[in-house]
Amino acid sequence: MSNNTDMAVYFSGEKLYGDDFTLEDIQQWYDDEAEGYASLGDKSRENYKYLYHSLNAVHGFHHLPKSQHFERVLGFGSAYGDEIQPLADRIGELTIIDPSDTFVSTSAFGVPISYSKPSVRGELGFSDNHFDLALSLGVLHHIPNISFVLGELHRCLKPGGFALIREPVFSMGDWRKPRPGLTKRERGIPLTIFRQMLSDLQFEVVREKLCMFPPIPRMLSKIRVDAYNSPVLTRLDGLVSSAFAWNLRYHAESFFQKLRPTSCYYVLKKRE
């Protein structure tokens with residue numbers, strides 16, 4: 001691991017840690033993360049609960065063409081495929097990329113599912129222009145070479161196809177140390193770097209929305225309310241996140257600096 005001086009450029013948000021790793025470094029990261037999410041708590045089908053339906057609807061699905069059918073959909077790290085529920089009647093088939101065998105299922109909400117594992121480097125084994133829609137919701141930050149994998153998602157989309165991508169845009173703490181509730185390697189993507197990656201790929205940004213203001217889900221969890229399964233609370237979160245966008249910085253070091261949105265939700269379109 002780099003020393004503190006070397007790491008400063010990553011915690012400042014000027015560079016994205018892991019994006020320029022060697023294949024050997026990527027292999028070690030991949031090994032650490034392969035079962036990372038599946039091992040966080042009980043992820044059995046019977047006990048699994050998807051917590052972001054309203055977040056996806058308000059910031060993602062509502063901004064897709066209302067009558068469009070998506071014959072081929074890619075779910076990048078989509079576990080059981082629960083996130084497709086609001087769109088299930090408009091999807092022909094779902095392909096899920098996931099390194100874990102924990103979540104394998106044959107269908108979700110009547111949509112047939114096939115599973116594929118990613119390569120260590122991140123190549124996706126699909127032809128160019130294959131999918132009508134790609135979903136990557138809180139997954140890329142588990143990967144070292146994000147810019148390469150994002151390029152693969154873009155390559156596999158048809159011209160005119162859409163991608164919904166949500167990622168944390170803060171450091172998620174000091175990833176050199178164990179963090180309760182987080183996997184060993186995950187870290188967020190600095191917003192300026194995120195924007196540059198999308199620009200380099202020539203994605204059309206249909207919508208960019210900051211969201212997930214930490215005090216809101218934290219307070220509501222105490223009364224067992226899932227903030228992002230409520231349309232009203234999700235919209236409130238969006239308003240508060242916009243109001244505190246000025247306070248966004250990659251690595252917060254005080255309580256006040258933590259009063260900011262922590263994620264960005266993108267609706268993207270591959271140019272025709």
# chains A, B, ... in the order shown; residues from 1 in each chain; ligands from 1
>>> select_by_dssp(residues="range 19-267 of chain A", states="alpha helix (DSSP H)", output="MDAnalysis selection string")
chainID A and resid 23:33 53:59 146:156 191:200 215:221 231:243
>>> select_by_dssp(residues="range 75-268 of chain A", states="strand (DSSP E or B)", output="ChimeraX atom specification")
/A:75-76,91-97,107-108,111-116,131-137,157-168,203-211,263-268
>>> atom_distance(atom1="CA of Glu71 in chain A", atom2="CA of Asn145 in chain A")
28.8 Å
>>> residues_around(residues="range 114-127 of chain A", least_positions_apart="2", cutoff="6 Å", atoms="only C-alpha atoms", output="PDB file with N, CA and C atoms, in the first residue's frame")
ATOM      1  N   THR A  95     -29.628 -10.210 -18.331  1.00  0.00           N
ATOM      2  CA  THR A  95     -28.339 -10.853 -18.117  1.00  0.00           C
ATOM      3  C   THR A  95     -27.662 -10.169 -16.942  1.00  0.00           C
ATOM      4  N   ILE A  96     -27.296 -10.932 -15.926  1.00  0.00           N
ATOM      5  CA  ILE A  96     -26.667 -10.383 -14.728  1.00  0.00           C
ATOM      6  C   ILE A  96     -25.197 -10.769 -14.685  1.00  0.00           C
ATOM      7  N   ILE A  97     -24.368  -9.763 -14.505  1.00  0.00           N
ATOM      8  CA  ILE A  97     -22.937  -9.982 -14.297  1.00  0.00           C
ATOM      9  C   ILE A  97     -22.677  -9.928 -12.801  1.00  0.00           C
ATOM     10  N   ASP A  98     -22.189 -11.013 -12.226  1.00  0.00           N
ATOM     11  CA  ASP A  98     -21.910 -11.031 -10.796  1.00  0.00           C
ATOM     12  C   ASP A  98     -20.847 -12.079 -10.504  1.00  0.00           C
ATOM     13  N   PRO A  99     -19.822 -11.739  -9.705  1.00  0.00           N
ATOM     14  CA  PRO A  99     -18.767 -12.706  -9.411  1.00  0.00           C
ATOM     15  C   PRO A  99     -19.181 -13.781  -8.416  1.00  0.00           C
ATOM     16  N   HIS A 130     -25.040  -4.641 -27.990  1.00  0.00           N
ATOM     17  CA  HIS A 130     -25.851  -5.828 -27.690  1.00  0.00           C
ATOM     18  C   HIS A 130     -27.093  -5.514 -26.851  1.00  0.00           C
ATOM     19  N   VAL A 149     -14.048  -0.545 -17.139  1.00  0.00           N
ATOM     20  CA  VAL A 149     -15.318  -1.266 -17.054  1.00  0.00           C
ATOM     21  C   VAL A 149     -16.462  -0.392 -17.543  1.00  0.00           C
TER      22      VAL A 149
END
>>> residues_around(residues="Lys258 in chain A", least_positions_apart="6", cutoff="12 Å", atoms="only C-alpha atoms", output="list in words")
Phe170, Ser171, Met172, Gly173, Met212, Phe213, Pro214, Pro215, Ser241, Phe244, Ala245, Trp246, Asn247, Leu248, Arg249, Tyr250, His251 and Ala252 of chain A
>>> atom_distance(atom1="CA of Gln28 in chain A", atom2="CA of Phe76 in chain A")
20.4 Å
>>> closest_atom_pairs(of="range 70-153 of chain A", to="range 189-209 of chain A", cutoff="8 Å", atoms="only C-alpha atoms", output="tab-separated table")
residue	atom	partner	partner_atom	distance
A:His141	CA	A:Ile189	CA	6.6
A:Ser147	CA	A:Met197	CA	6.4
A:Gly151	CA	A:Leu201	CA	6.8
>>> closest_residue(among="A:Leu133, A:Pro65, A:Asp89, A:Tyr80", to="Ser107 in chain A", atoms="only C-alpha atoms")
A:Tyr80
>>> atom_distance(atom1="CA of Glu152 in chain A", atom2="CA of Asp20 in chain A")
16.0 Å
>>> residues_around(residues="His63 in chain A", least_positions_apart="2", cutoff="12 Å", atoms="only C-alpha atoms", output="PyMOL selection string")
chain A and resi 56-61+65-68+162-164+205-209+265-269
>>> closest_residue(among="A:Ala34, A:Val9, A:Leu51, A:Leu16", to="Val225 in chain A", atoms="only C-alpha atoms")
A:Leu51
>>> closest_residue(among="A:Ser54, A:Leu157, A:Asp128, A:Arg271", to="Gly238 in chain A", atoms="only C-alpha atoms")
A:Ser54
>>> residues_around(residues="Ala227 in chain A", least_positions_apart="5", cutoff="8 Å", atoms="only C-alpha atoms", output="list in words")
Ile216, Pro217, Leu220, Ser221, Leu233 and Thr234 of chain A
>>> decode(residues="range 150-269 of chain A", atoms="C-alpha atoms", output="mmCIF file, in the first residue's frame")
data_model
loop_
_atom_site.group_PDB
_atom_site.id
_atom_site.type_symbol
_atom_site.label_atom_id
_atom_site.label_comp_id
_atom_site.auth_asym_id
_atom_site.auth_seq_id
_atom_site.Cartn_x
_atom_site.Cartn_y
_atom_site.Cartn_z
ATOM 1 C CA LEU A 150 -17.436 1.806 -17.732
ATOM 2 C CA GLY A 151 -16.059 1.712 -21.282
ATOM 3 C CA GLU A 152 -17.157 -1.930 -21.555
ATOM 4 C CA LEU A 153 -20.685 -1.020 -20.467
ATOM 5 C CA HIS A 154 -20.754 1.694 -23.118
ATOM 6 C CA ARG A 155 -19.432 -0.690 -25.795
ATOM 7 C CA CYS A 156 -22.119 -3.287 -25.114
ATOM 8 C CA LEU A 157 -24.973 -0.774 -25.363
ATOM 9 C CA LYS A 158 -26.803 -0.270 -28.628
ATOM 10 C CA PRO A 159 -26.682 3.231 -30.109
ATOM 11 C CA GLY A 160 -29.645 4.983 -28.529
ATOM 12 C CA GLY A 161 -29.532 2.565 -25.596
ATOM 13 C CA PHE A 162 -29.729 3.760 -22.000
ATOM 14 C CA ALA A 163 -27.642 3.214 -18.886
ATOM 15 C CA LEU A 164 -28.714 3.919 -15.323
ATOM 16 C CA ILE A 165 -25.707 4.304 -13.042
ATOM 17 C CA ARG A 166 -25.680 5.242 -9.357
ATOM 18 C CA GLU A 167 -22.452 5.457 -7.407
ATOM 19 C CA PRO A 168 -21.116 6.984 -4.177
ATOM 20 C CA VAL A 169 -19.132 10.152 -4.877
ATOM 21 C CA PHE A 170 -17.310 10.284 -1.543
ATOM 22 C CA SER A 171 -14.385 8.263 -0.224
ATOM 23 C CA MET A 172 -16.521 6.055 2.061
ATOM 24 C CA GLY A 173 -13.956 6.615 4.792
ATOM 25 C CA ASP A 174 -10.365 5.455 4.928
ATOM 26 C CA TRP A 175 -10.275 2.253 2.864
ATOM 27 C CA ARG A 176 -6.854 1.367 4.288
ATOM 28 C CA LYS A 177 -8.642 0.316 7.488
ATOM 29 C CA PRO A 178 -11.582 -2.025 8.210
ATOM 30 C CA ARG A 179 -14.905 -0.179 7.969
ATOM 31 C CA PRO A 180 -18.052 -1.659 9.557
ATOM 32 C CA GLY A 181 -20.676 -2.569 6.974
ATOM 33 C CA LEU A 182 -18.352 -2.072 3.999
ATOM 34 C CA THR A 183 -16.257 -4.466 1.970
ATOM 35 C CA LYS A 184 -12.470 -4.338 2.123
ATOM 36 C CA ARG A 185 -11.845 -2.480 -1.118
ATOM 37 C CA GLU A 186 -14.863 -0.322 -1.992
ATOM 38 C CA ARG A 187 -14.449 3.434 -2.332
ATOM 39 C CA GLY A 188 -16.463 6.115 -4.084
ATOM 40 C CA ILE A 189 -15.753 7.956 -7.323
ATOM 41 C CA PRO A 190 -14.855 11.678 -7.125
ATOM 42 C CA LEU A 191 -17.608 13.543 -8.965
ATOM 43 C CA THR A 192 -15.250 15.511 -11.217
ATOM 44 C CA ILE A 193 -13.568 12.269 -12.306
ATOM 45 C CA PHE A 194 -16.950 10.581 -12.796
ATOM 46 C CA ARG A 195 -18.061 13.407 -15.075
ATOM 47 C CA GLN A 196 -14.839 13.278 -17.067
ATOM 48 C CA MET A 197 -15.156 9.517 -17.612
ATOM 49 C CA LEU A 198 -18.668 9.941 -19.014
ATOM 50 C CA SER A 199 -17.537 12.826 -21.199
ATOM 51 C CA ASP A 200 -14.594 10.813 -22.546
ATOM 52 C CA LEU A 201 -17.008 8.040 -23.576
ATOM 53 C CA GLN A 202 -19.293 10.620 -25.206
ATOM 54 C CA PHE A 203 -22.314 9.500 -23.220
ATOM 55 C CA GLU A 204 -25.264 11.863 -23.464
ATOM 56 C CA VAL A 205 -26.165 12.808 -19.890
ATOM 57 C CA VAL A 206 -29.955 12.780 -19.784
ATOM 58 C CA ARG A 207 -29.976 13.478 -16.044
ATOM 59 C CA GLU A 208 -27.466 13.890 -13.240
ATOM 60 C CA LYS A 209 -28.884 13.930 -9.720
ATOM 61 C CA LEU A 210 -27.078 14.111 -6.388
ATOM 62 C CA CYS A 211 -28.846 12.097 -3.717
ATOM 63 C CA MET A 212 -28.557 10.061 -0.516
ATOM 64 C CA PHE A 213 -28.115 12.651 2.241
ATOM 65 C CA PRO A 214 -26.851 10.530 5.181
ATOM 66 C CA PRO A 215 -28.942 11.876 8.110
ATOM 67 C CA ILE A 216 -32.226 11.023 6.357
ATOM 68 C CA PRO A 217 -31.886 7.215 6.076
ATOM 69 C CA ARG A 218 -29.988 7.084 9.368
ATOM 70 C CA MET A 219 -32.780 8.743 11.356
ATOM 71 C CA LEU A 220 -35.559 6.814 9.618
ATOM 72 C CA SER A 221 -33.854 3.468 10.131
ATOM 73 C CA LYS A 222 -34.365 3.944 13.865
ATOM 74 C CA ILE A 223 -38.111 3.662 13.301
ATOM 75 C CA ARG A 224 -37.649 0.942 10.665
ATOM 76 C CA VAL A 225 -38.568 3.067 7.668
ATOM 77 C CA ASP A 226 -36.715 2.490 4.405
ATOM 78 C CA ALA A 227 -36.221 6.015 3.079
ATOM 79 C CA TYR A 228 -35.490 4.969 -0.498
ATOM 80 C CA ASN A 229 -38.541 2.743 -0.797
ATOM 81 C CA SER A 230 -40.730 5.809 -0.222
ATOM 82 C CA PRO A 231 -41.367 8.199 -3.147
ATOM 83 C CA VAL A 232 -42.028 11.122 -0.783
ATOM 84 C CA LEU A 233 -38.893 10.565 1.281
ATOM 85 C CA THR A 234 -36.799 9.988 -1.832
ATOM 86 C CA ARG A 235 -37.916 13.327 -3.269
ATOM 87 C CA LEU A 236 -37.244 15.035 0.068
ATOM 88 C CA ASP A 237 -33.780 13.498 0.090
ATOM 89 C CA GLY A 238 -33.211 14.853 -3.415
ATOM 90 C CA LEU A 239 -34.187 18.377 -2.378
ATOM 91 C CA VAL A 240 -31.937 18.326 0.687
ATOM 92 C CA SER A 241 -29.080 16.830 -1.334
ATOM 93 C CA SER A 242 -29.344 19.674 -3.847
ATOM 94 C CA ALA A 243 -29.403 22.236 -1.043
ATOM 95 C CA PHE A 244 -26.167 20.825 0.425
ATOM 96 C CA ALA A 245 -24.394 20.139 -2.875
ATOM 97 C CA TRP A 246 -22.052 23.067 -2.186
ATOM 98 C CA ASN A 247 -20.635 21.111 0.764
ATOM 99 C CA LEU A 248 -19.693 18.035 -1.267
ATOM 100 C CA ARG A 249 -16.086 16.999 -0.937
ATOM 101 C CA TYR A 250 -14.558 13.624 -1.555
ATOM 102 C CA HIS A 251 -13.028 12.810 1.831
ATOM 103 C CA ALA A 252 -14.819 14.426 4.761
ATOM 104 C CA GLU A 253 -12.835 14.944 7.948
ATOM 105 C CA SER A 254 -15.377 16.586 10.235
ATOM 106 C CA PHE A 255 -19.045 16.191 11.148
ATOM 107 C CA PHE A 256 -20.008 19.321 9.226
ATOM 108 C CA GLN A 257 -18.227 18.107 6.080
ATOM 109 C CA LYS A 258 -20.354 14.951 6.231
ATOM 110 C CA LEU A 259 -23.546 16.971 5.757
ATOM 111 C CA ARG A 260 -23.627 16.524 1.990
ATOM 112 C CA PRO A 261 -25.068 14.216 -0.658
ATOM 113 C CA THR A 262 -23.099 11.009 -0.953
ATOM 114 C CA SER A 263 -24.209 9.570 -4.305
ATOM 115 C CA CYS A 264 -24.900 10.613 -7.860
ATOM 116 C CA TYR A 265 -27.565 9.011 -10.050
ATOM 117 C CA TYR A 266 -27.095 9.161 -13.819
ATOM 118 C CA VAL A 267 -29.496 8.514 -16.660
ATOM 119 C CA LEU A 268 -27.245 8.151 -19.713
ATOM 120 C CA LYS A 269 -27.813 7.528 -23.403
#
